[in-house]
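Colleague: For reference, this is run_4.pdb, and it has PDB, C-alpha atoms, pLDDT in the B column.
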```pdb
MODEL        1
ATOM      1  CA  MET A  11      14.444  21.727   6.029  1.00 82.00           C
ATOM      2  CA  GLU A  12      15.448  18.308   7.320  1.00 84.00           C
ATOM      3  CA  LEU A  13      13.031  18.685  10.231  1.00 90.00           C
ATOM      4  CA  ILE A  14      10.088  19.391   7.890  1.00 92.00           C
ATOM      5  CA  GLY A  15      11.084  16.362   5.834  1.00 90.00           C
ATOM      6  CA  TYR A  16      11.156  14.061   8.850  1.00 91.00           C
ATOM      7  CA  LEU A  17       7.788  15.451   9.964  1.00 92.00           C
ATOM      8  CA  PHE A  18       6.282  14.398   6.617  1.00 92.00           C
ATOM      9  CA  ILE A  19       7.998  10.987   6.840  1.00 92.00           C
ATOM     10  CA  PHE A  20       6.565  10.369  10.322  1.00 92.00           C
ATOM     11  CA  LEU A  21       3.061  11.356   9.170  1.00 92.00           C
ATOM     12  CA  GLY A  22       3.339   8.894   6.276  1.00 92.00           C
ATOM     13  CA  VAL A  23       4.600   6.068   8.473  1.00 93.00           C
ATOM     14  CA  LEU A  24       1.725   6.690  10.904  1.00 93.00           C
ATOM     15  CA  ALA A  25      -0.695   6.390   7.967  1.00 92.00           C
ATOM     16  CA  PHE A  26       0.902   2.994   7.244  1.00 92.00           C
ATOM     17  CA  VAL A  27       0.347   1.880  10.844  1.00 93.00           C
ATOM     18  CA  VAL A  28      -3.306   2.977  10.656  1.00 91.00           C
ATOM     19  CA  SER A  29      -3.666   0.989   7.447  1.00 91.00           C
ATOM     20  CA  ALA A  30      -2.133  -2.145   8.986  1.00 91.00           C
ATOM     21  CA  ILE A  31      -4.354  -1.949  12.084  1.00 91.00           C
ATOM     22  CA  GLY A  32      -7.373  -1.484   9.829  1.00 90.00           C
ATOM     23  CA  LEU A  33      -6.398  -4.551   7.815  1.00 89.00           C
ATOM     24  CA  LEU A  34      -6.430  -6.573  11.029  1.00 89.00           C
ATOM     25  CA  ARG A  35      -9.574  -5.106  12.563  1.00 88.00           C
ATOM     26  CA  MET A  36     -12.065  -4.725   9.706  1.00 84.00           C
ATOM     27  CA  PRO A  37     -14.722  -7.449   9.378  1.00 83.00           C
ATOM     28  CA  ASP A  38     -14.801  -8.280   5.661  1.00 82.00           C
ATOM     29  CA  LEU A  39     -12.940  -7.822   2.411  1.00 83.00           C
ATOM     30  CA  TYR A  40     -14.451  -4.619   1.042  1.00 83.00           C
ATOM     31  CA  THR A  41     -13.883  -2.597   4.222  1.00 85.00           C
ATOM     32  CA  ARG A  42     -10.364  -4.043   4.451  1.00 87.00           C
ATOM     33  CA  MET A  43      -9.776  -2.916   0.898  1.00 86.00           C
ATOM     34  CA  HIS A  44     -11.060   0.565   1.742  1.00 87.00           C
ATOM     35  CA  VAL A  45      -8.543   0.861   4.580  1.00 86.00           C
ATOM     36  CA  GLY A  46      -5.737  -0.917   2.790  1.00 84.00           C
ATOM     37  CA  THR A  47      -5.606   1.077  -0.422  1.00 87.00           C
ATOM     38  CA  LYS A  48      -6.510   4.668   0.460  1.00 88.00           C
ATOM     39  CA  SER A  49      -4.294   5.169   3.476  1.00 90.00           C
ATOM     40  CA  THR A  50      -1.306   3.438   1.857  1.00 90.00           C
ATOM     41  CA  THR A  51      -1.570   5.850  -1.065  1.00 91.00           C
ATOM     42  CA  ILE A  52      -1.477   8.879   1.221  1.00 92.00           C
ATOM     43  CA  GLY A  53       1.294   7.274   3.299  1.00 92.00           C
ATOM     44  CA  THR A  54       3.545   6.737   0.295  1.00 92.00           C
ATOM     45  CA  LEU A  55       2.878  10.270  -0.924  1.00 92.00           C
ATOM     46  CA  LEU A  56       3.801  11.752   2.466  1.00 93.00           C
ATOM     47  CA  VAL A  57       7.003   9.672   2.783  1.00 92.00           C
ATOM     48  CA  ILE A  58       8.152  10.650  -0.724  1.00 93.00           C
ATOM     49  CA  VAL A  59       7.349  14.344  -0.141  1.00 93.00           C
ATOM     50  CA  GLY A  60       9.438  14.167   3.037  1.00 92.00           C
ATOM     51  CA  VAL A  61      12.380  12.637   1.146  1.00 92.00           C
ATOM     52  CA  ILE A  62      12.038  15.403  -1.479  1.00 92.00           C
ATOM     53  CA  PHE A  63      12.352  17.972   1.339  1.00 92.00           C
ATOM     54  CA  ILE A  64      15.538  16.306   2.601  1.00 91.00           C
ATOM     55  CA  GLU A  65      17.187  15.543  -0.779  1.00 88.00           C
ATOM     56  CA  PRO A  66      15.892  18.075  -3.360  1.00 89.00           C
ATOM     57  CA  GLN A  67      18.201  16.841  -6.145  1.00 91.00           C
ATOM     58  CA  TRP A  68      16.238  13.560  -6.399  1.00 89.00           C
ATOM     59  CA  PHE A  69      13.069  15.450  -7.322  1.00 91.00           C
ATOM     60  CA  LEU A  70      12.696  13.972 -10.823  1.00 91.00           C
ATOM     61  CA  LYS A  71      12.840  10.258  -9.956  1.00 90.00           C
ATOM     62  CA  LEU A  72      10.743  10.677  -6.805  1.00 91.00           C
ATOM     63  CA  SER A  73       8.014  12.566  -8.667  1.00 92.00           C
ATOM     64  CA  LEU A  74       8.070   9.785 -11.286  1.00 91.00           C
ATOM     65  CA  ILE A  75       7.377   7.248  -8.509  1.00 91.00           C
ATOM     66  CA  VAL A  76       4.580   9.494  -7.143  1.00 92.00           C
ATOM     67  CA  ILE A  77       2.887   9.803 -10.549  1.00 92.00           C
ATOM     68  CA  PHE A  78       3.194   6.053 -11.088  1.00 91.00           C
ATOM     69  CA  ILE A  79       1.656   5.222  -7.707  1.00 90.00           C
ATOM     70  CA  LEU A  80      -1.169   7.729  -8.216  1.00 91.00           C
ATOM     71  CA  LEU A  81      -1.959   6.098 -11.568  1.00 91.00           C
ATOM     72  CA  THR A  82      -1.731   2.405 -10.670  1.00 90.00           C
ATOM     73  CA  ASN A  83      -2.833   2.098  -7.041  1.00 89.00           C
ATOM     74  CA  PRO A  84      -6.564   2.956  -7.509  1.00 89.00           C
ATOM     75  CA  LEU A  85      -6.552   0.899 -10.687  1.00 90.00           C
ATOM     76  CA  SER A  86      -5.299  -2.285  -9.040  1.00 89.00           C
ATOM     77  CA  SER A  87      -7.656  -1.955  -6.059  1.00 88.00           C
ATOM     78  CA  SER A  88     -10.591  -1.399  -8.416  1.00 89.00           C
ATOM     79  CA  VAL A  89      -9.634  -4.486 -10.423  1.00 90.00           C
ATOM     80  CA  ILE A  90      -9.381  -6.636  -7.272  1.00 88.00           C
ATOM     81  CA  ALA A  91     -12.760  -5.360  -5.972  1.00 87.00           C
ATOM     82  CA  ARG A  92     -14.490  -6.020  -9.295  1.00 88.00           C
ATOM     83  CA  ALA A  93     -13.071  -9.533  -9.554  1.00 88.00           C
ATOM     84  CA  THR A  94     -14.128 -10.372  -5.994  1.00 85.00           C
ATOM     85  CA  HIS A  95     -17.614  -8.984  -6.569  1.00 84.00           C
ATOM     86  CA  ARG A  96     -18.063 -11.052  -9.729  1.00 83.00           C
ATOM     87  CA  ASP A  97     -16.793 -14.078  -7.854  1.00 78.00           C
ATOM     88  CA  GLY A  98     -19.799 -13.660  -5.557  1.00 73.00           C
ATOM     89  CA  LEU A  99     -18.593 -12.367  -2.185  1.00 68.00           C
ATOM     90  CA  THR A 100     -21.088 -10.171  -0.327  1.00 67.00           C
ATOM     91  CA  LEU A 101     -20.683  -7.744   2.555  1.00 66.00           C
ATOM     92  CA  LYS A 102     -20.773  -9.174   6.064  1.00 64.00           C
ATOM     93  CA  ASN A 103     -23.179  -6.571   7.462  1.00 62.00           C
ATOM     94  CA  ASP A 104     -25.287  -5.880   4.405  1.00 61.00           C
ATOM     95  CA  GLU A 105     -27.920  -3.389   5.580  1.00 61.00           C
ATOM     96  CA  MET A 106     -29.440  -2.880   2.156  1.00 57.00           C
ATOM     97  CA  LYS A 107     -30.309  -6.582   1.962  1.00 59.00           C
ATOM     98  CA  GLU A 108     -32.485  -6.385   5.079  1.00 56.00           C
ATOM     99  CA  ILE A 109     -34.158  -3.179   3.906  1.00 54.00           C
ATOM    100  CA  THR A 110     -35.174  -4.598   0.547  1.00 51.00           C
ATOM    101  CA  LYS A 111     -36.249  -7.937   1.979  1.00 46.00           C
TER     102      LYS A 111
ATOM    103  CA  MET B 100      14.942   9.971  13.781  1.00 81.00           C
ATOM    104  CA  PHE B 101      15.524   7.610  10.877  1.00 84.00           C
ATOM    105  CA  ASN B 102      15.679   4.533  13.110  1.00 89.00           C
ATOM    106  CA  ILE B 103      12.333   5.350  14.753  1.00 91.00           C
ATOM    107  CA  ALA B 104      10.679   5.733  11.333  1.00 90.00           C
ATOM    108  CA  ILE B 105      12.111   2.389  10.197  1.00 92.00           C
ATOM    109  CA  VAL B 106      10.902   0.636  13.378  1.00 93.00           C
ATOM    110  CA  ILE B 107       7.351   2.003  12.988  1.00 92.00           C
ATOM    111  CA  LEU B 108       7.273   1.046   9.309  1.00 92.00           C
ATOM    112  CA  SER B 109       8.506  -2.489  10.061  1.00 92.00           C
ATOM    113  CA  SER B 110       5.819  -2.971  12.713  1.00 93.00           C
ATOM    114  CA  ALA B 111       3.211  -1.998  10.101  1.00 92.00           C
ATOM    115  CA  LEU B 112       4.824  -4.475   7.685  1.00 92.00           C
ATOM    116  CA  LEU B 113       4.646  -7.256  10.287  1.00 93.00           C
ATOM    117  CA  LEU B 114       0.959  -6.576  11.018  1.00 91.00           C
ATOM    118  CA  THR B 115       0.173  -6.721   7.302  1.00 91.00           C
ATOM    119  CA  LEU B 116       2.208  -9.908   6.960  1.00 92.00           C
ATOM    120  CA  TYR B 117       0.029 -11.484   9.675  1.00 91.00           C
ATOM    121  CA  ARG B 118      -3.074 -10.679   7.610  1.00 89.00           C
ATOM    122  CA  PHE B 119      -1.316 -12.052   4.527  1.00 90.00           C
ATOM    123  CA  LEU B 120      -0.585 -15.372   6.240  1.00 91.00           C
ATOM    124  CA  LYS B 121      -3.926 -15.688   8.019  1.00 87.00           C
ATOM    125  CA  GLY B 122      -6.421 -14.152   5.540  1.00 75.00           C
ATOM    126  CA  PRO B 123      -9.475 -16.394   5.093  1.00 82.00           C
ATOM    127  CA  THR B 124     -10.010 -15.938   1.349  1.00 83.00           C
ATOM    128  CA  LEU B 125      -7.687 -15.493  -1.625  1.00 86.00           C
ATOM    129  CA  SER B 126      -8.793 -11.875  -2.122  1.00 86.00           C
ATOM    130  CA  ASP B 127      -7.699 -10.978   1.412  1.00 88.00           C
ATOM    131  CA  ARG B 128      -4.246 -12.273   0.637  1.00 90.00           C
ATOM    132  CA  ILE B 129      -4.122 -10.314  -2.616  1.00 89.00           C
ATOM    133  CA  VAL B 130      -5.106  -7.069  -0.860  1.00 90.00           C
ATOM    134  CA  ALA B 131      -2.498  -7.715   1.837  1.00 90.00           C
ATOM    135  CA  PHE B 132       0.088  -8.387  -0.874  1.00 90.00           C
ATOM    136  CA  ASP B 133      -0.783  -5.078  -2.556  1.00 90.00           C
ATOM    137  CA  VAL B 134      -0.398  -3.199   0.733  1.00 91.00           C
ATOM    138  CA  LEU B 135       2.907  -5.013   1.463  1.00 91.00           C
ATOM    139  CA  SER B 136       4.347  -4.053  -1.907  1.00 91.00           C
ATOM    140  CA  ILE B 137       3.380  -0.386  -1.536  1.00 91.00           C
ATOM    141  CA  MET B 138       4.892  -0.315   1.965  1.00 91.00           C
ATOM    142  CA  SER B 139       8.115  -1.827   0.653  1.00 91.00           C
ATOM    143  CA  ILE B 140       8.297   0.853  -2.065  1.00 92.00           C
ATOM    144  CA  SER B 141       8.442   3.526   0.616  1.00 91.00           C
ATOM    145  CA  LEU B 142      10.842   1.347   2.652  1.00 92.00           C
ATOM    146  CA  LEU B 143      13.161   1.338  -0.386  1.00 92.00           C
ATOM    147  CA  VAL B 144      12.858   5.129  -0.680  1.00 92.00           C
ATOM    148  CA  LEU B 145      13.770   5.520   2.997  1.00 91.00           C
ATOM    149  CA  LEU B 146      16.735   3.135   2.579  1.00 92.00           C
ATOM    150  CA  SER B 147      17.990   5.139  -0.390  1.00 91.00           C
ATOM    151  CA  LEU B 148      17.829   8.221   1.849  1.00 89.00           C
ATOM    152  CA  HIS B 149      19.837   6.439   4.550  1.00 90.00           C
ATOM    153  CA  PHE B 150      22.560   4.928   2.357  1.00 91.00           C
ATOM    154  CA  GLN B 151      22.653   7.931  -0.045  1.00 89.00           C
ATOM    155  CA  ARG B 152      22.260   5.642  -3.072  1.00 87.00           C
ATOM    156  CA  GLU B 153      20.139   6.942  -5.917  1.00 87.00           C
ATOM    157  CA  LEU B 154      20.044   3.450  -7.439  1.00 89.00           C
ATOM    158  CA  TYR B 155      17.453   2.239  -4.919  1.00 89.00           C
ATOM    159  CA  LEU B 156      14.910   4.679  -6.378  1.00 90.00           C
ATOM    160  CA  ASP B 157      15.063   2.828  -9.701  1.00 91.00           C
ATOM    161  CA  ILE B 158      14.523  -0.434  -7.851  1.00 92.00           C
ATOM    162  CA  ALA B 159      11.489   1.109  -6.112  1.00 91.00           C
ATOM    163  CA  LEU B 160      10.019   2.169  -9.465  1.00 91.00           C
ATOM    164  CA  VAL B 161      10.480  -1.267 -11.041  1.00 92.00           C
ATOM    165  CA  PHE B 162       9.125  -2.936  -7.902  1.00 91.00           C
ATOM    166  CA  GLY B 163       5.965  -0.817  -8.112  1.00 89.00           C
ATOM    167  CA  LEU B 164       5.488  -1.842 -11.746  1.00 90.00           C
ATOM    168  CA  ILE B 165       5.934  -5.547 -11.000  1.00 91.00           C
ATOM    169  CA  SER B 166       3.600  -5.461  -7.985  1.00 89.00           C
ATOM    170  CA  PHE B 167       0.875  -3.714 -10.004  1.00 90.00           C
ATOM    171  CA  LEU B 168       1.178  -6.412 -12.658  1.00 91.00           C
ATOM    172  CA  GLY B 169       1.018  -9.128  -9.987  1.00 90.00           C
ATOM    173  CA  ALA B 170      -2.134  -7.749  -8.357  1.00 89.00           C
ATOM    174  CA  THR B 171      -3.856  -7.402 -11.719  1.00 89.00           C
ATOM    175  CA  LEU B 172      -2.907 -10.938 -12.732  1.00 90.00           C
ATOM    176  CA  PHE B 173      -4.212 -12.447  -9.490  1.00 89.00           C
ATOM    177  CA  ALA B 174      -7.483 -10.511  -9.880  1.00 87.00           C
ATOM    178  CA  ARG B 175      -7.822 -11.904 -13.390  1.00 89.00           C
ATOM    179  CA  TYR B 176      -7.194 -15.368 -11.953  1.00 89.00           C
ATOM    180  CA  ILE B 177     -10.059 -14.926  -9.452  1.00 85.00           C
ATOM    181  CA  GLU B 178     -12.400 -13.721 -12.173  1.00 82.00           C
ATOM    182  CA  LYS B 179     -11.686 -16.066 -15.057  1.00 81.00           C
ATOM    183  CA  GLY B 180      -9.441 -18.865 -13.821  1.00 76.00           C
ATOM    184  CA  VAL B 181      -6.180 -19.834 -15.470  1.00 71.00           C
TER     185      VAL B 181
ENDMDL
END
```
Spell out the structure here as structure tokens.

Modeller:
Amino acid sequence: MELIGYLFIFLGVLAFVVSAIGLLRMPDLYTRMHVGTKSTTIGTLLVIVGVIFIEPQWFLKLSLIVIFILLTNPLSSSVIARATHRDGLTLKNDEMKEITK
Amino acid sequence: MFNIAIVILSSALLLTLYRFLKGPTLSDRIVAFDVLSIMSISLLVLLSLHFQRELYLDIALVFGLISFLGATLFARYIEKGV
């Protein structure tokens, strides 16, 4: 049981590393946001599922954290993206702009 | 096992902190701040597993709430000003 839990924890931590490398490598804000919000959500979910496997008596509080993250994380990233778009930032490699030109 | 997971997670935190300090625009810093706060929620969960303290889970929950409020407030600041 503990081994399965640590397997989930390692998968989640690897998702965090992928997200951090993507934050460094991606060229502009929207792609960075794509990497930075999706893979951190799945990373947190995997880490918490692993902790549930190791300590099953904490199920209630951990599932509360999971529900809270699933509700708020897409919301905050959507709000940041909308605010940046209204502020007037465009994509770095905007292919649609050259097509419609 | 636990130590390796903590080391990998801290390296991810350091890489994100570099983007937070360097980031060219304000929005980059806000996204990096969001990612940092979510990573520290799972760091708190792992620490509560290590020290066997259930109290840290409450701290993780409150920290998630505060960080969501912070990201939303900064986005509102970009859009409409103070």

Colleague: For stretch 66-70 of chain A, work out the shell of residues within 10 Å, counting only C-alpha atoms and skipping chain neighbours fewer than 6 positions away, then give it as a list in words.

Modeller: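 The neighbour list is Ile58, Val59, Gly60 and Val76 of chain A; Leu148, Glu153 and Leu156 of chain B.
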
Colleague: May I ask you to extract the residues of chain B within 8 Å of chain A, using all atoms listed in the file, and to give them as an mmCIF file with C-alpha atoms, in the frame of the given file?

Modeller:
```cif
data_model
loop_
_atom_site.group_PDB
_atom_site.id
_atom_site.type_symbol
_atom_site.label_atom_id
_atom_site.label_comp_id
_atom_site.auth_asym_id
_atom_site.auth_seq_id
_atom_site.Cartn_x
_atom_site.Cartn_y
_atom_site.Cartn_z
ATOM 1 C CA MET B 100 14.942 9.971 13.781
ATOM 2 C CA ALA B 104 10.679 5.733 11.333
ATOM 3 C CA ILE B 107 7.351 2.003 12.988
ATOM 4 C CA LEU B 108 7.273 1.046 9.309
ATOM 5 C CA SER B 110 5.819 -2.971 12.713
ATOM 6 C CA ALA B 111 3.211 -1.998 10.101
ATOM 7 C CA LEU B 112 4.824 -4.475 7.685
ATOM 8 C CA LEU B 114 0.959 -6.576 11.018
ATOM 9 C CA THR B 115 0.173 -6.721 7.302
ATOM 10 C CA ARG B 118 -3.074 -10.679 7.610
ATOM 11 C CA SER B 126 -8.793 -11.875 -2.122
ATOM 12 C CA ASP B 127 -7.699 -10.978 1.412
ATOM 13 C CA ILE B 129 -4.122 -10.314 -2.616
ATOM 14 C CA VAL B 130 -5.106 -7.069 -0.860
ATOM 15 C CA ALA B 131 -2.498 -7.715 1.837
ATOM 16 C CA VAL B 134 -0.398 -3.199 0.733
ATOM 17 C CA ILE B 137 3.380 -0.386 -1.536
ATOM 18 C CA MET B 138 4.892 -0.315 1.965
ATOM 19 C CA ILE B 140 8.297 0.853 -2.065
ATOM 20 C CA SER B 141 8.442 3.526 0.616
ATOM 21 C CA VAL B 144 12.858 5.129 -0.680
ATOM 22 C CA LEU B 145 13.770 5.520 2.997
ATOM 23 C CA LEU B 148 17.829 8.221 1.849
ATOM 24 C CA GLU B 153 20.139 6.942 -5.917
ATOM 25 C CA LEU B 156 14.910 4.679 -6.378
ATOM 26 C CA ASP B 157 15.063 2.828 -9.701
ATOM 27 C CA ALA B 159 11.489 1.109 -6.112
ATOM 28 C CA LEU B 160 10.019 2.169 -9.465
ATOM 29 C CA GLY B 163 5.965 -0.817 -8.112
ATOM 30 C CA PHE B 167 0.875 -3.714 -10.004
ATOM 31 C CA ALA B 170 -2.134 -7.749 -8.357
ATOM 32 C CA THR B 171 -3.856 -7.402 -11.719
ATOM 33 C CA ALA B 174 -7.483 -10.511 -9.880
ATOM 34 C CA ARG B 175 -7.822 -11.904 -13.390
ATOM 35 C CA ILE B 177 -10.059 -14.926 -9.452
ATOM 36 C CA GLU B 178 -12.400 -13.721 -12.173
#
```

Colleague: What does the distance from atom CA of A:Phe18 to atom CA of A:Leu81 come to in Å, to one decimal?

Modeller: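 Atom CA of A:Phe18 sits 21.6 Å away from atom CA of A:Leu81.
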
Colleague: Enter the distance from atom CA of B:Leu143 to atom CA of B:Leu168, in Å, rounded to one decimal.

Modeller: 18.8 Å

Colleague: Which value, in Å to one decimal, gives the distance between atom CA of B:Leu116 and atom CA of B:Tyr155?

Modeller: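 Value for the atom CA of B:Leu116-atom CA of B:Tyr155 distance: 22.8 Å.
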
Colleague: I'd like to know which of B:Leu154, B:Leu172, B:Ile105, B:Tyr117 is closest to B:Ser139, using all atoms listed in the file.

Modeller: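 Of B:Leu154, B:Leu172, B:Ile105, B:Tyr117, the one nearest B:Ser139 is B:Ile105, counting all atoms listed in the file.
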
Colleague: Give the centre and edge lengths of an axis-aligned box, in Å to one decimal, that holds all listed atoms of stretch 104-110 of chain B with 4 Å on each side, as JSON.

Modeller:
```
{"center_x": 9.0, "center_y": 1.4, "center_z": 11.3, "size_x": 14.3, "size_y": 16.7, "size_z": 12.1}
```

Colleague: May I ask which of the residues B:Gly169, B:Val181, B:Leu142, B:Arg152 is the closest one to B:Phe101, counting all atoms listed in the file?

Modeller: B:Leu142

Colleague: When distances are computed from all atoms listed in the file, which of B:Leu135, B:Leu120, B:Leu113, B:Val106 shows the smallest separation from B:Ser166?

Modeller: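 Between B:Leu135, B:Leu120, B:Leu113, B:Val106, the residue approaching B:Ser166 most closely is B:Leu135.
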
Colleague: Can you take the partial stretch 32-60 of chain A, add N, CA and C atoms, and return it as a PDB file, keeping the file's coordinate frame?

Modeller:
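As a result, result-v2.pdb now contains:
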```pdb
ATOM      1  N   GLY A  32      -6.083  -1.313  10.485  1.00 90.00           N
ATOM      2  CA  GLY A  32      -7.373  -1.484   9.829  1.00 90.00           C
ATOM      3  C   GLY A  32      -7.479  -2.809   9.105  1.00 90.00           C
ATOM      4  N   LEU A  33      -6.379  -3.247   8.481  1.00 89.00           N
ATOM      5  CA  LEU A  33      -6.398  -4.551   7.815  1.00 89.00           C
ATOM      6  C   LEU A  33      -6.659  -5.668   8.806  1.00 89.00           C
ATOM      7  N   LEU A  34      -6.180  -5.515  10.041  1.00 89.00           N
ATOM      8  CA  LEU A  34      -6.430  -6.573  11.029  1.00 89.00           C
ATOM      9  C   LEU A  34      -7.826  -6.489  11.610  1.00 89.00           C
ATOM     10  N   ARG A  35      -8.367  -5.266  11.773  1.00 88.00           N
ATOM     11  CA  ARG A  35      -9.574  -5.106  12.563  1.00 88.00           C
ATOM     12  C   ARG A  35     -10.868  -5.208  11.756  1.00 88.00           C
ATOM     13  N   MET A  36     -10.830  -4.848  10.470  1.00 84.00           N
ATOM     14  CA  MET A  36     -12.065  -4.725   9.706  1.00 84.00           C
ATOM     15  C   MET A  36     -12.706  -6.088   9.450  1.00 84.00           C
ATOM     16  N   PRO A  37     -14.048  -6.148   9.381  1.00 83.00           N
ATOM     17  CA  PRO A  37     -14.722  -7.449   9.378  1.00 83.00           C
ATOM     18  C   PRO A  37     -14.703  -8.188   8.051  1.00 83.00           C
ATOM     19  N   ASP A  38     -14.776  -7.510   6.904  1.00 82.00           N
ATOM     20  CA  ASP A  38     -14.801  -8.280   5.661  1.00 82.00           C
ATOM     21  C   ASP A  38     -13.945  -7.620   4.588  1.00 82.00           C
ATOM     22  N   LEU A  39     -13.951  -8.197   3.412  1.00 83.00           N
ATOM     23  CA  LEU A  39     -12.940  -7.822   2.411  1.00 83.00           C
ATOM     24  C   LEU A  39     -13.075  -6.392   1.914  1.00 83.00           C
ATOM     25  N   TYR A  40     -14.317  -5.933   1.676  1.00 83.00           N
ATOM     26  CA  TYR A  40     -14.451  -4.619   1.042  1.00 83.00           C
ATOM     27  C   TYR A  40     -14.007  -3.502   1.974  1.00 83.00           C
ATOM     28  N   THR A  41     -14.343  -3.626   3.279  1.00 85.00           N
ATOM     29  CA  THR A  41     -13.883  -2.597   4.222  1.00 85.00           C
ATOM     30  C   THR A  41     -12.370  -2.664   4.394  1.00 85.00           C
ATOM     31  N   ARG A  42     -11.823  -3.899   4.389  1.00 87.00           N
ATOM     32  CA  ARG A  42     -10.364  -4.043   4.451  1.00 87.00           C
ATOM     33  C   ARG A  42      -9.702  -3.379   3.262  1.00 87.00           C
ATOM     34  N   MET A  43     -10.340  -3.519   2.103  1.00 86.00           N
ATOM     35  CA  MET A  43      -9.776  -2.916   0.898  1.00 86.00           C
ATOM     36  C   MET A  43      -9.835  -1.398   0.973  1.00 86.00           C
ATOM     37  N   HIS A  44     -10.928  -0.880   1.552  1.00 87.00           N
ATOM     38  CA  HIS A  44     -11.060   0.565   1.742  1.00 87.00           C
ATOM     39  C   HIS A  44      -9.917   1.104   2.591  1.00 87.00           C
ATOM     40  N   VAL A  45      -9.638   0.414   3.714  1.00 86.00           N
ATOM     41  CA  VAL A  45      -8.543   0.861   4.580  1.00 86.00           C
ATOM     42  C   VAL A  45      -7.198   0.648   3.894  1.00 86.00           C
ATOM     43  N   GLY A  46      -7.058  -0.531   3.255  1.00 84.00           N
ATOM     44  CA  GLY A  46      -5.737  -0.917   2.790  1.00 84.00           C
ATOM     45  C   GLY A  46      -5.231  -0.155   1.595  1.00 84.00           C
ATOM     46  N   THR A  47      -6.117   0.404   0.764  1.00 87.00           N
ATOM     47  CA  THR A  47      -5.606   1.077  -0.422  1.00 87.00           C
ATOM     48  C   THR A  47      -5.531   2.589  -0.268  1.00 87.00           C
ATOM     49  N   LYS A  48      -6.523   3.198   0.392  1.00 88.00           N
ATOM     50  CA  LYS A  48      -6.510   4.668   0.460  1.00 88.00           C
ATOM     51  C   LYS A  48      -5.395   5.180   1.348  1.00 88.00           C
ATOM     52  N   SER A  49      -5.277   4.596   2.552  1.00 90.00           N
ATOM     53  CA  SER A  49      -4.294   5.169   3.476  1.00 90.00           C
ATOM     54  C   SER A  49      -2.865   4.800   3.080  1.00 90.00           C
ATOM     55  N   THR A  50      -2.671   3.690   2.317  1.00 90.00           N
ATOM     56  CA  THR A  50      -1.306   3.438   1.857  1.00 90.00           C
ATOM     57  C   THR A  50      -0.911   4.419   0.763  1.00 90.00           C
ATOM     58  N   THR A  51      -1.900   4.840  -0.061  1.00 91.00           N
ATOM     59  CA  THR A  51      -1.570   5.850  -1.065  1.00 91.00           C
ATOM     60  C   THR A  51      -1.104   7.141  -0.409  1.00 91.00           C
ATOM     61  N   ILE A  52      -1.868   7.610   0.586  1.00 92.00           N
ATOM     62  CA  ILE A  52      -1.477   8.879   1.221  1.00 92.00           C
ATOM     63  C   ILE A  52      -0.172   8.700   2.005  1.00 92.00           C
ATOM     64  N   GLY A  53       0.048   7.502   2.570  1.00 92.00           N
ATOM     65  CA  GLY A  53       1.294   7.274   3.299  1.00 92.00           C
ATOM     66  C   GLY A  53       2.505   7.332   2.403  1.00 92.00           C
ATOM     67  N   THR A  54       2.416   6.690   1.232  1.00 92.00           N
ATOM     68  CA  THR A  54       3.545   6.737   0.295  1.00 92.00           C
ATOM     69  C   THR A  54       3.793   8.156  -0.187  1.00 92.00           C
ATOM     70  N   LEU A  55       2.703   8.892  -0.471  1.00 92.00           N
ATOM     71  CA  LEU A  55       2.878  10.270  -0.924  1.00 92.00           C
ATOM     72  C   LEU A  55       3.588  11.106   0.138  1.00 92.00           C
ATOM     73  N   LEU A  56       3.185  10.945   1.408  1.00 93.00           N
ATOM     74  CA  LEU A  56       3.801  11.752   2.466  1.00 93.00           C
ATOM     75  C   LEU A  56       5.268  11.394   2.655  1.00 93.00           C
ATOM     76  N   VAL A  57       5.598  10.082   2.619  1.00 92.00           N
ATOM     77  CA  VAL A  57       7.003   9.672   2.783  1.00 92.00           C
ATOM     78  C   VAL A  57       7.857  10.242   1.656  1.00 92.00           C
ATOM     79  N   ILE A  58       7.345  10.180   0.409  1.00 93.00           N
ATOM     80  CA  ILE A  58       8.152  10.650  -0.724  1.00 93.00           C
ATOM     81  C   ILE A  58       8.293  12.170  -0.694  1.00 93.00           C
ATOM     82  N   VAL A  59       7.230  12.887  -0.269  1.00 93.00           N
ATOM     83  CA  VAL A  59       7.349  14.344  -0.141  1.00 93.00           C
ATOM     84  C   VAL A  59       8.386  14.704   0.928  1.00 93.00           C
ATOM     85  N   GLY A  60       8.423  13.934   2.011  1.00 92.00           N
ATOM     86  CA  GLY A  60       9.438  14.167   3.037  1.00 92.00           C
ATOM     87  C   GLY A  60      10.840  13.952   2.518  1.00 92.00           C
TER      88      GLY A  60
END
```
